[in-house]
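For reference, data.txt (compact mmCIF, C-alpha atoms (C1' of nucleotides)):
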# COMPACT_ATOMS: atom_id res chain seq x y z
CA MET A 1 -2.95 -6.15 33.52
CA THR A 2 0.25 -6.49 35.49
CA SER A 3 -1.53 -7.51 38.61
CA ALA A 4 0.70 -7.78 41.64
CA THR A 5 -0.07 -11.45 41.88
CA ARG A 6 2.42 -14.18 41.38
CA LEU A 7 3.25 -15.60 38.02
CA SER A 8 2.75 -18.97 36.44
CA LYS A 9 4.63 -20.75 33.71
CA ASP A 10 1.89 -19.79 31.31
CA ASP A 11 2.32 -16.12 32.09
CA TRP A 12 5.89 -16.34 30.95
CA ILE A 13 4.91 -18.19 27.81
CA ALA A 14 2.28 -15.61 27.02
CA ALA A 15 4.82 -12.84 27.48
CA ALA A 16 7.24 -14.72 25.25
CA ILE A 17 4.68 -14.97 22.48
CA ASP A 18 4.02 -11.28 22.73
CA ALA A 19 7.72 -10.57 22.58
CA ILE A 20 8.08 -12.48 19.35
CA GLU A 21 6.11 -9.78 17.62
CA HIS A 22 8.85 -7.24 18.26
CA GLY A 23 11.95 -9.21 17.57
CA GLY A 24 11.36 -12.87 16.84
CA ILE A 25 12.65 -15.59 19.11
CA ALA A 26 15.68 -13.41 19.77
CA ALA A 27 13.31 -11.24 21.78
CA ILE A 28 12.53 -14.11 24.09
CA ALA A 29 15.11 -12.90 26.57
CA VAL A 30 14.80 -13.48 30.25
CA GLU A 31 15.66 -10.14 31.71
CA PRO A 32 13.67 -7.96 29.30
CA LEU A 33 10.71 -10.26 29.72
CA ALA A 34 11.02 -10.06 33.47
CA ALA A 35 11.09 -6.29 33.31
CA GLY A 36 8.01 -6.31 31.12
CA LEU A 37 6.21 -8.52 33.59
CA GLY A 38 7.28 -6.34 36.47
CA THR A 39 9.34 -9.02 38.09
CA THR A 40 12.89 -10.33 38.05
CA LYS A 41 14.94 -13.24 36.87
CA GLY A 42 14.45 -14.83 40.23
CA SER A 43 10.90 -15.64 39.25
CA PHE A 44 11.83 -16.95 35.85
CA TYR A 45 14.46 -19.37 37.01
CA TRP A 46 12.07 -20.83 39.47
CA HIS A 47 9.60 -21.75 36.72
CA PHE A 48 12.12 -22.70 34.05
CA THR A 49 15.59 -24.16 34.12
CA ASN A 50 16.84 -21.91 31.37
CA ARG A 51 15.97 -19.78 28.38
CA ASP A 52 15.84 -22.62 25.89
CA GLU A 53 13.17 -24.30 27.92
CA LEU A 54 10.99 -21.23 27.64
CA ILE A 55 11.58 -21.05 23.92
CA ALA A 56 10.63 -24.69 23.55
CA ALA A 57 7.48 -24.23 25.60
CA THR A 58 6.59 -21.16 23.60
CA MET A 59 6.98 -22.93 20.31
CA GLN A 60 4.87 -25.78 21.57
CA ARG A 61 2.15 -23.38 22.54
CA TRP A 62 2.32 -21.63 19.20
CA GLU A 63 2.03 -24.95 17.43
CA GLU A 64 -1.23 -25.65 19.21
CA LEU A 65 -2.60 -22.24 18.32
CA ALA A 66 -1.39 -22.46 14.75
CA THR A 67 -2.85 -25.84 13.99
CA GLY A 68 -6.07 -25.73 15.89
CA ALA A 69 -7.82 -22.51 15.05
CA VAL A 70 -7.68 -22.02 11.32
CA ILE A 71 -8.42 -25.49 10.11
CA ALA A 72 -11.28 -25.83 12.55
CA SER A 73 -12.88 -22.61 11.42
CA VAL A 74 -13.02 -23.96 7.90
CA SER A 75 -13.92 -27.59 8.23
CA GLU A 76 -17.49 -26.77 9.02
CA VAL A 77 -18.11 -25.58 5.50
CA ALA A 78 -19.39 -28.31 3.23
CA ASP A 79 -18.79 -27.41 -0.39
CA PRO A 80 -15.09 -27.79 -1.32
CA MET A 81 -14.95 -24.59 -3.31
CA ASP A 82 -16.56 -22.65 -0.49
CA ARG A 83 -14.10 -24.21 1.93
CA LEU A 84 -11.16 -22.94 -0.01
CA ARG A 85 -12.75 -19.56 -0.44
CA GLN A 86 -13.48 -19.42 3.26
CA LEU A 87 -9.95 -20.47 4.11
CA LEU A 88 -8.46 -17.72 2.01
CA ARG A 89 -10.83 -15.21 3.52
CA VAL A 90 -9.92 -16.13 7.06
CA VAL A 91 -6.25 -16.43 6.45
CA PHE A 92 -5.82 -13.28 4.43
CA GLY A 93 -8.04 -11.38 6.75
CA HIS A 94 -5.90 -12.27 9.70
CA ALA A 95 -2.59 -11.84 8.04
CA ARG A 96 -2.10 -8.20 8.81
CA GLU A 97 -2.25 -8.68 12.55
CA ASP A 98 -0.41 -11.91 12.60
CA ARG A 99 3.02 -10.45 12.97
CA ILE A 100 3.80 -13.27 15.34
CA GLU A 101 2.87 -15.86 12.79
CA ALA A 102 5.08 -14.10 10.29
CA ARG A 103 8.08 -13.91 12.55
CA ILE A 104 7.91 -17.57 13.40
CA VAL A 105 6.96 -18.95 10.05
CA LEU A 106 9.34 -16.87 7.97
CA ALA A 107 12.34 -17.27 10.21
CA PRO A 108 14.56 -20.04 8.95
CA PHE A 109 17.76 -21.56 10.22
CA ASP A 110 16.89 -21.70 13.87
CA VAL A 111 17.03 -25.20 15.25
CA ARG A 112 14.85 -24.25 18.19
CA VAL A 113 12.08 -23.23 15.81
CA SER A 114 12.36 -25.23 12.61
CA PRO A 115 11.04 -28.59 13.82
CA THR A 116 7.83 -27.00 14.99
CA VAL A 117 7.44 -24.88 11.91
CA GLU A 118 8.11 -27.80 9.63
CA ARG A 119 5.43 -29.84 11.33
CA VAL A 120 2.94 -27.01 10.98
CA THR A 121 3.93 -26.47 7.37
CA ALA A 122 3.49 -30.12 6.48
CA LEU A 123 0.13 -30.25 8.16
CA ARG A 124 -1.15 -27.15 6.43
CA ILE A 125 0.02 -28.27 3.03
CA GLU A 126 -1.58 -31.64 3.56
CA PHE A 127 -4.80 -29.93 4.45
CA LEU A 128 -4.60 -27.78 1.35
CA THR A 129 -3.87 -30.80 -0.76
CA SER A 130 -7.00 -32.51 0.47
CA LEU A 131 -8.93 -29.37 -0.37
CA PHE A 132 -7.70 -29.42 -3.94
CA ARG A 133 -8.39 -33.10 -4.20
CA GLY A 134 -11.92 -32.33 -3.09
CA LEU A 135 -12.12 -29.91 -5.99
CA GLY A 136 -11.49 -32.76 -8.36
CA PHE A 137 -7.77 -32.30 -9.03
CA GLY A 138 -5.57 -35.35 -9.35
CA ARG A 139 -3.09 -36.31 -6.69
CA ALA A 140 -0.03 -34.71 -8.24
CA THR A 141 -1.75 -31.54 -9.35
CA ALA A 142 -3.43 -31.10 -6.00
CA ALA A 143 -0.08 -31.40 -4.26
CA LYS A 144 1.49 -28.80 -6.50
CA ARG A 145 -1.38 -26.39 -6.18
CA ALA A 146 -1.34 -26.79 -2.43
CA ARG A 147 2.31 -25.95 -2.32
CA ILE A 148 1.80 -22.94 -4.53
CA ALA A 149 -1.08 -21.81 -2.39
CA TYR A 150 0.91 -22.05 0.79
CA ALA A 151 3.93 -20.39 -0.76
CA ALA A 152 1.72 -17.56 -1.93
CA TYR A 153 0.39 -17.25 1.59
CA LEU A 154 3.87 -17.07 3.05
CA GLY A 155 4.98 -14.54 0.48
CA HIS A 156 1.90 -12.49 1.07
CA LEU A 157 2.60 -12.56 4.76
CA ARG A 158 6.04 -11.19 4.08
CA LEU A 159 4.86 -8.56 1.63
CA LEU A 160 2.31 -7.24 4.09
CA LEU A 161 4.99 -6.44 6.59
CA ASP A 162 6.59 -3.94 4.25
CA THR A 163 3.71 -1.57 4.12
CA THR A 164 2.59 -2.20 7.66
CA GLN A 165 5.57 -1.24 9.67
CA THR A 166 6.22 2.17 8.22
CA SER A 167 3.35 3.72 10.10
CA ALA A 168 4.21 2.92 13.66
CA ASP A 169 0.87 4.16 14.91
CA ALA A 170 -1.13 1.07 13.90
CA PRO A 171 -4.37 1.66 15.71
CA THR A 172 -6.29 -1.23 17.14
CA THR A 173 -8.81 -0.66 14.38
CA THR A 174 -7.87 -3.83 12.59
CA ARG A 175 -8.24 -2.51 9.10
CA THR A 176 -7.61 -6.03 7.92
CA SER A 177 -8.41 -7.17 4.47
CA THR A 178 -7.91 -4.04 2.48
CA SER A 179 -9.72 -4.02 -0.81
CA ALA A 180 -6.34 -4.59 -2.40
CA THR A 181 -5.79 -7.66 -0.27
CA ARG A 182 -9.26 -8.91 -1.10
CA ALA A 183 -8.62 -8.52 -4.79
CA TYR A 184 -5.34 -10.33 -4.38
CA ALA A 185 -7.01 -13.21 -2.57
CA GLU A 186 -9.73 -13.50 -5.17
CA GLU A 187 -7.26 -13.57 -8.02
CA LEU A 188 -5.26 -16.16 -6.15
CA LEU A 189 -8.33 -18.30 -5.75
CA ARG A 190 -9.02 -17.90 -9.43
CA VAL A 191 -5.62 -18.99 -10.67
CA LEU A 192 -5.31 -21.79 -8.15
CA THR A 193 -8.56 -23.33 -9.26
CA SER A 194 -7.97 -22.87 -12.95
CA PRO A 195 -8.43 -26.16 -14.78
CA ALA A 196 -5.48 -28.52 -14.85
CA MET B 197 42.12 -17.01 0.26
CA THR B 198 43.06 -15.24 3.46
CA SER B 199 46.19 -13.77 2.04
CA ALA B 200 48.31 -11.93 4.51
CA THR B 201 47.76 -8.72 2.60
CA ARG B 202 45.92 -5.76 3.94
CA LEU B 203 42.20 -5.44 3.73
CA SER B 204 39.92 -3.07 1.92
CA LYS B 205 36.44 -1.87 2.65
CA ASP B 206 35.16 -4.30 0.05
CA ASP B 207 36.79 -7.23 1.80
CA TRP B 208 34.78 -6.46 4.88
CA ILE B 209 31.60 -6.11 2.86
CA ALA B 210 32.23 -9.42 1.15
CA ALA B 211 32.78 -11.08 4.51
CA ALA B 212 29.61 -9.50 5.79
CA ILE B 213 27.59 -10.89 2.90
CA ASP B 214 29.01 -14.32 3.55
CA ALA B 215 28.14 -14.00 7.20
CA ILE B 216 24.52 -13.29 6.40
CA GLU B 217 24.15 -16.84 5.20
CA HIS B 218 24.73 -18.20 8.68
CA GLY B 219 22.78 -15.82 10.81
CA GLY B 220 21.27 -12.93 8.94
CA ILE B 221 22.31 -9.37 9.59
CA ALA B 222 22.73 -10.30 13.22
CA ALA B 223 25.80 -12.20 12.06
CA ILE B 224 27.37 -9.02 10.75
CA ALA B 225 29.34 -8.61 13.94
CA VAL B 226 32.67 -6.91 14.01
CA GLU B 227 34.76 -9.22 16.15
CA PRO B 228 33.61 -12.52 14.65
CA LEU B 229 34.10 -11.08 11.19
CA ALA B 230 37.57 -9.90 12.11
CA ALA B 231 38.45 -13.34 13.40
CA GLY B 232 37.18 -14.88 10.21
CA LEU B 233 39.31 -12.52 8.18
CA GLY B 234 42.33 -13.22 10.33
CA THR B 235 42.58 -9.69 11.59
CA THR B 236 41.30 -7.58 14.46
CA LYS B 237 38.86 -4.83 15.22
CA GLY B 238 41.67 -2.37 14.74
CA SER B 239 41.41 -2.93 11.03
CA PHE B 240 37.66 -2.65 10.95
CA TYR B 241 37.43 0.62 12.77
CA TRP B 242 39.89 2.15 10.44
CA HIS B 243 37.71 1.39 7.41
CA PHE B 244 34.34 1.98 9.03
CA THR B 245 33.14 4.25 11.78
CA ASN B 246 30.89 1.61 13.29
CA ARG B 247 28.93 -1.56 12.73
CA ASP B 248 25.88 0.12 11.28
CA GLU B 249 27.97 1.63 8.54
CA LEU B 250 29.10 -1.82 7.48
CA ILE B 251 25.54 -3.08 7.51
CA ALA B 252 24.44 -0.17 5.37
CA ALA B 253 27.26 -0.73 2.91
CA THR B 254 26.47 -4.42 2.78
CA MET B 255 22.84 -3.82 2.05
CA GLN B 256 23.75 -1.38 -0.67
CA ARG B 257 26.00 -3.94 -2.25
CA TRP B 258 23.33 -6.61 -2.02
CA GLU B 259 20.86 -4.29 -3.67
CA GLU B 260 23.16 -3.95 -6.66
CA LEU B 261 23.61 -7.69 -6.94
CA ALA B 262 19.92 -8.37 -6.44
CA THR B 263 18.66 -5.98 -9.06
CA GLY B 264 21.31 -6.35 -11.71
CA ALA B 265 21.83 -10.00 -12.39
CA VAL B 266 18.45 -11.64 -12.68
CA ILE B 267 16.60 -9.11 -14.73
CA ALA B 268 19.52 -8.78 -17.11
CA SER B 269 19.70 -12.51 -17.68
CA VAL B 270 16.13 -12.48 -18.85
CA SER B 271 15.69 -9.33 -20.83
CA GLU B 272 17.54 -10.77 -23.76
CA VAL B 273 14.75 -13.22 -24.50
CA ALA B 274 12.23 -11.86 -26.98
CA ASP B 275 8.96 -13.73 -26.64
CA PRO B 276 7.06 -12.69 -23.50
CA MET B 277 6.04 -16.22 -22.60
CA ASP B 278 9.59 -17.44 -22.98
CA ARG B 279 10.79 -14.56 -20.88
CA LEU B 280 8.59 -15.56 -18.00
CA ARG B 281 9.51 -19.18 -18.43
CA GLN B 282 13.18 -18.28 -18.48
CA LEU B 283 12.78 -16.07 -15.42
CA LEU B 284 11.21 -18.85 -13.43
CA ARG B 285 13.88 -21.24 -14.55
CA VAL B 286 16.70 -18.96 -13.48
CA VAL B 287 15.11 -17.92 -10.25
CA PHE B 288 13.98 -21.33 -9.12
CA GLY B 289 17.22 -22.88 -10.18
CA HIS B 290 19.17 -20.50 -8.03
CA ALA B 291 16.89 -20.60 -5.07
CA ARG B 292 18.47 -23.45 -3.21
CA GLU B 293 21.85 -21.81 -2.93
CA ASP B 294 20.54 -18.36 -2.34
CA ARG B 295 20.40 -18.63 1.39
CA ILE B 296 21.64 -15.08 1.53
CA GLU B 297 18.80 -13.83 -0.60
CA ALA B 298 16.40 -15.68 1.68
CA ARG B 299 17.80 -14.27 4.87
CA ILE B 300 17.65 -10.75 3.61
CA VAL B 301 14.40 -10.88 1.76
CA LEU B 302 12.42 -12.81 4.33
CA ALA B 303 13.63 -10.90 7.35
CA PRO B 304 11.17 -8.22 8.27
CA PHE B 305 11.10 -5.54 10.90
CA ASP B 306 14.70 -4.45 10.63
CA VAL B 307 14.99 -0.79 9.82
CA ARG B 308 18.52 -1.26 8.57
CA VAL B 309 17.29 -3.71 5.97
CA SER B 310 13.70 -2.92 5.08
CA PRO B 311 14.24 0.18 2.91
CA THR B 312 16.58 -1.73 0.64
CA VAL B 313 14.40 -4.78 0.49
CA GLU B 314 11.33 -2.73 -0.22
CA ARG B 315 13.02 -1.05 -3.14
CA VAL B 316 14.10 -4.37 -4.56
CA THR B 317 10.65 -5.82 -4.03
CA ALA B 318 8.95 -2.95 -5.79
CA LEU B 319 11.33 -3.16 -8.70
CA ARG B 320 10.88 -6.87 -9.13
CA ILE B 321 7.12 -6.70 -8.94
CA GLU B 322 7.12 -3.91 -11.48
CA PHE B 323 9.22 -6.02 -13.75
CA LEU B 324 6.89 -8.95 -13.34
CA THR B 325 3.92 -6.75 -14.00
CA SER B 326 5.39 -5.64 -17.29
CA LEU B 327 5.96 -9.28 -18.17
CA PHE B 328 2.32 -10.12 -17.59
CA ARG B 329 1.23 -7.09 -19.51
CA GLY B 330 3.38 -8.36 -22.35
CA LEU B 331 1.41 -11.56 -22.19
CA GLY B 332 -1.73 -9.60 -22.90
CA PHE B 333 -3.17 -9.24 -19.44
CA GLY B 334 -4.86 -6.03 -18.47
CA ARG B 335 -3.28 -3.58 -16.07
CA ALA B 336 -5.06 -4.73 -12.93
CA THR B 337 -4.79 -8.42 -13.64
CA ALA B 338 -1.14 -8.13 -14.53
CA ALA B 339 -0.46 -6.37 -11.26
CA LYS B 340 -2.24 -9.04 -9.27
CA ARG B 341 -0.55 -11.90 -11.06
CA ALA B 342 2.81 -10.25 -10.57
CA ARG B 343 2.20 -9.99 -6.87
CA ILE B 344 1.10 -13.59 -6.68
CA ALA B 345 4.12 -14.66 -8.66
CA TYR B 346 6.50 -12.84 -6.38
CA ALA B 347 4.75 -14.04 -3.26
CA ALA B 348 4.98 -17.59 -4.55
CA TYR B 349 8.68 -17.04 -5.13
CA LEU B 350 9.19 -15.77 -1.61
CA GLY B 351 7.22 -18.61 -0.12
CA HIS B 352 9.09 -21.10 -2.20
CA LEU B 353 12.34 -19.59 -0.99
CA ARG B 354 11.19 -20.13 2.55
CA LEU B 355 9.94 -23.65 1.97
CA LEU B 356 13.22 -24.70 0.42
CA LEU B 357 15.07 -23.86 3.58
CA ASP B 358 13.16 -26.46 5.54
CA THR B 359 14.40 -29.43 3.64
CA THR B 360 17.81 -27.99 2.98
CA GLN B 361 19.16 -27.37 6.40
CA THR B 362 18.56 -30.74 7.96
CA SER B 363 21.51 -32.29 6.20
CA ALA B 364 24.36 -30.09 7.29
CA ASP B 365 26.76 -31.67 4.82
CA ALA B 366 25.49 -29.71 1.80
CA PRO B 367 28.13 -30.58 -0.76
CA THR B 368 29.18 -28.06 -3.33
CA THR B 369 27.36 -30.20 -5.85
CA THR B 370 24.64 -27.68 -6.36
CA ARG B 371 21.81 -30.11 -6.79
CA THR B 372 19.66 -27.18 -7.70
CA SER B 373 16.35 -27.51 -9.40
CA THR B 374 15.18 -30.85 -8.16
CA SER B 375 12.61 -32.47 -10.37
CA ALA B 376 10.08 -31.57 -7.70
CA THR B 377 11.10 -27.95 -7.91
CA ARG B 378 10.90 -28.06 -11.69
CA ALA B 379 7.41 -29.49 -11.53
CA TYR B 380 6.47 -26.82 -9.05
CA ALA B 381 7.80 -24.07 -11.29
CA GLU B 382 5.98 -25.44 -14.31
CA GLU B 383 2.71 -25.66 -12.49
CA LEU B 384 3.23 -22.15 -11.21
CA LEU B 385 3.81 -20.92 -14.73
CA ARG B 386 0.66 -22.70 -15.81
CA VAL B 387 -1.64 -21.24 -13.21
CA LEU B 388 -0.13 -17.77 -13.46
CA THR B 389 -0.76 -17.64 -17.18
CA SER B 390 -4.21 -19.13 -17.05
CA PRO B 391 -6.70 -16.91 -18.87
CA ALA B 392 -8.13 -13.99 -16.94
C1' DT C 393 67.00 6.34 3.84
C1' DA C 394 63.96 8.77 6.31
C1' DC C 395 59.35 10.01 6.74
C1' DC C 396 54.45 10.13 6.54
C1' DA C 397 50.20 8.18 5.71
C1' DA C 398 47.80 4.08 5.52
C1' DC C 399 46.81 0.28 8.00
C1' DC C 400 46.65 -2.99 11.98
C1' DA C 401 47.21 -5.00 17.04
C1' DT C 402 46.32 -4.70 21.83
C1' DA C 403 44.25 -3.24 25.77
C1' DC C 404 40.60 -1.05 27.97
C1' DG C 405 35.88 0.22 29.65
C1' DG C 406 31.00 -0.30 28.82
C1' DT C 407 26.53 -2.79 27.93
C1' DG C 408 23.24 -6.43 27.83
C1' DG C 409 22.15 -10.71 28.50
C1' DC C 410 22.72 -15.68 30.84
C1' DG C 411 22.79 -18.57 34.77
C1' DT C 412 23.79 -19.35 39.97
C1' DA C 413 23.50 -18.56 44.78
C1' DT C 414 21.43 -17.12 48.55
C1' DG C 415 18.42 -15.06 51.29
C1' DG C 416 13.85 -12.95 51.69
C1' DT C 417 8.40 -13.16 51.47
C1' DT C 418 3.94 -15.01 51.43
C1' DG C 419 0.19 -18.01 52.25
C1' DC C 420 -1.95 -22.04 53.49
C1' DA C 421 -2.10 -26.08 56.59
C1' DA C 422 -1.41 -28.41 60.77
C1' DT D 423 0.97 -19.25 65.43
C1' DT D 424 4.12 -21.69 63.70
C1' DG D 425 6.26 -24.01 59.70
C1' DC D 426 7.14 -25.37 55.25
C1' DA D 427 6.71 -25.02 50.41
C1' DA D 428 6.04 -22.02 46.80
C1' DC D 429 7.57 -18.03 44.93
C1' DC D 430 10.46 -13.84 44.26
C1' DA D 431 14.53 -10.18 44.80
C1' DT D 432 19.28 -9.09 44.85
C1' DA D 433 23.82 -9.70 43.97
C1' DC D 434 27.32 -11.93 41.72
C1' DG D 435 30.46 -13.87 37.96
C1' DC D 436 30.64 -14.86 33.18
C1' DC D 437 30.55 -14.17 28.19
C1' DA D 438 30.05 -11.84 23.70
C1' DC D 439 30.12 -7.98 21.58
C1' DC D 440 30.65 -2.66 20.81
C1' DG D 441 33.49 1.28 20.44
C1' DT D 442 37.83 4.05 21.93
C1' DA D 443 42.59 4.92 22.71
C1' DT D 444 47.01 4.34 21.74
C1' DG D 445 50.88 2.66 20.02
C1' DG D 446 53.00 -0.31 16.51
C1' DT D 447 54.08 -1.72 11.35
C1' DT D 448 54.62 -1.15 6.59
C1' DG D 449 55.27 0.65 2.00
C1' DG D 450 55.69 4.06 -1.15
C1' DT D 451 57.51 8.70 -2.03
C1' DA D 452 60.75 12.79 -1.32

Exercise: express the given structure as structure tokens:
Amino acid sequence: MTSATRLSKDDWIAAAIDAIEHGGIAAIAVEPLAAGLGTTKGSFYWHFTNRDELIAATMQRWEELATGAVIASVSEVADPMDRLRQLLRVVFGHAREDRIEARIVLAPFDVRVSPTVERVTALRIEFLTSLFRGLGFGRATAAKRARIAYAAYLGHLRLLLDTTQTSADAPTTTRTSTSATRAYAEELLRVLTSPA
Amino acid sequence: MTSATRLSKDDWIAAAIDAIEHGGIAAIAVEPLAAGLGTTKGSFYWHFTNRDELIAATMQRWEELATGAVIASVSEVADPMDRLRQLLRVVFGHAREDRIEARIVLAPFDVRVSPTVERVTALRIEFLTSLFRGLGFGRATAAKRARIAYAAYLGHLRLLLDTTQTSADAPTTTRTSTSATRAYAEELLRVLTSPA
DNA sequence: TACCAACCATACGGTGGCGTATGGTTGCAA
DNA sequence: TTGCAACCATACGCCACCGTATGGTTGGTA
């Protein structure tokens, strides 16, 4: 994995994204990252002018990942109800692993992060709103339900971290989507689509 | 405010809680706090053995505040439906100011914080569950709705921070409970109490 | 009023991270 | 095979913070 080859900008960004999992953007620190990559600051400061530039690049990369994947994986489904169901399935299935998502999306008050997160948030809520509109809800109701749905997702993301971290073993066996989580998602779907 | 008198342990804890608003537990740093209090480390290390002890004390204090107030302010209402309504009103009214709550409750992965937060979380969800049971929902449904309700609260807490921070003026005019927030809370109440 | 305990200031050494400077390597291209 | 550009290592100074050591103050009590 740590091949003795030379590094690219993207290698640093990838390492930065990994680091987020264990300490948020605060963990995007040059010297620890260099150590992890088996190199030194000398390399880093050739590719980047400073730490903030890496953080910016990392956020940009995350934004691409965050917007592209999920929505795409859903938009192929035709029926609106099935789309929403599918979305919840995907999103709540992933949630357990997505520590990175959690760290970025739950972390407030950081100017280097918030613009990106706010864009992603807006986009996701818009997408959800269109879903609810497709289900026949009026404009205002759809907007509110979308917001509730996304808030519930965020909260769920946070709540998952409680039980997860205690056992530091965490085998690669992604035991995602516990039956409890499934039940939660189904109930959420139920209440969110209850008649206006 | 910064009277030239001597300081107590509680003064440091109070300062620590304030500091959380502008940087989370990371902002509970001895020297900055000392400067803010108009004193020096000398004082601090007389009252506490080290930084972690202050953090622990601060979390303990927050736990008291977090559990006591809200639940008490609600339990005087008789009718279950009104209780829930009242709870949402209180909680969503406060939310905008409660940056501190947000920073503590949304921050994961910190061993010095998580045990406290997890206790508070469990307690609140239990309380919510009993509310839903009081509304006539069965055990399982009540538990799920409670979890959804709390997740929606957490997510809402996070979403509020987006719009809030941009304008750094933030006058003391607690413009809490925007009409948008009210509408959100009402819709949330509606979907959460929709028939099983 | 003299003293002791509570409380605080100052100075120090240590750590971890940032950014710069400067001098290697390495590999491809002429 | 030499040479230059890309890439990396090492060493340095700086800053913010932690914790210790040590020597003041201060205020109440004997």

Counting all atoms listed in the file, which residues of chain A sit at most 6 Å from some atom of chain B, and what is each one's closest atom pair with its distance in Å to one decimal, listed by chain and rising residue number, as a Markdown table?
| residue | atom | partner | partner_atom | distance |
| --- | --- | --- | --- | --- |
| A:Lys144 | CA | B:Tyr380 | CA | 5.9 |
| A:Ala151 | CA | B:Gly351 | CA | 3.8 |
| A:Ala152 | CA | B:Ala348 | CA | 4.2 |
| A:Leu154 | CA | B:Gly351 | CA | 4.9 |
| A:Gly155 | CA | B:Ala347 | CA | 3.8 |
| A:His156 | CA | B:Ala347 | CA | 5.4 |
| A:Tyr184 | CA | B:Lys340 | CA | 5.9 |
| A:Val191 | CA | B:Val387 | CA | 5.2 |

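Atom pair atom CA of Val91 of chain A / atom CA of Val113 of chain A: separated by 21.7 Å.
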
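Atom pair atom CA of Asn50 of chain A / atom CA of Ala215 of chain B: separated by 27.8 Å.
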
- Message: Need the shell around DG416 of chain C: protein/DNA/RNA residues with any atom at most 12 Å away, counting only C-alpha atoms (C1' of nucleotides). Skip same-chain ones fewer than 6 positions apart. Format as a list in words?
- Response: Gly42 of chain A; DC429, DC430, DA431 and DT432 of chain D

Quick check: residues of chain A within 10 Å of chain C, all atoms listed in the file, returned as a PDB file with C-alpha atoms, keeping the file's coordinate frame.
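As written to disk, selection_32.pdb reads:
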ATOM      1  CA  ALA A  29      15.110 -12.900  26.570  1.00  0.00           C
ATOM      2  CA  VAL A  30      14.800 -13.480  30.250  1.00  0.00           C
ATOM      3  CA  GLU A  31      15.660 -10.140  31.710  1.00  0.00           C
ATOM      4  CA  PRO A  32      13.670  -7.960  29.300  1.00  0.00           C
ATOM      5  CA  LYS A  41      14.940 -13.240  36.870  1.00  0.00           C
ATOM      6  CA  TYR A  45      14.460 -19.370  37.010  1.00  0.00           C
ATOM      7  CA  THR A  49      15.590 -24.160  34.120  1.00  0.00           C
ATOM      8  CA  ASN A  50      16.840 -21.910  31.370  1.00  0.00           C
ATOM      9  CA  ARG A  51      15.970 -19.780  28.380  1.00  0.00           C
TER      10      ARG A  51
END

- Taking only C-alpha atoms (C1' of nucleotides) into account, report as a ChimeraX atom specification which residues of chain D lie within 10 Å of chain B. /D:438-442

Residues just named, written with C-alpha atoms (C1' of nucleotides) as a PDB file, keeping the file's coordinate frame:
ATOM      1  C1'  DA D 438      30.050 -11.840  23.700  1.00  0.00           C
ATOM      2  C1'  DC D 439      30.120  -7.980  21.580  1.00  0.00           C
ATOM      3  C1'  DC D 440      30.650  -2.660  20.810  1.00  0.00           C
ATOM      4  C1'  DG D 441      33.490   1.280  20.440  1.00  0.00           C
ATOM      5  C1'  DT D 442      37.830   4.050  21.930  1.00  0.00           C
TER       6       DT D 442
END

- Nearest residue to Ala66 of chain A from the set A:Arg133, A:Leu123, A:His47, A:Ala34 (distances using all atoms listed in the file): A:Leu123

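Take atom CA of Ile55 of chain A and atom CA of Asp11 of chain A: the distance between them is 13.3 Å.
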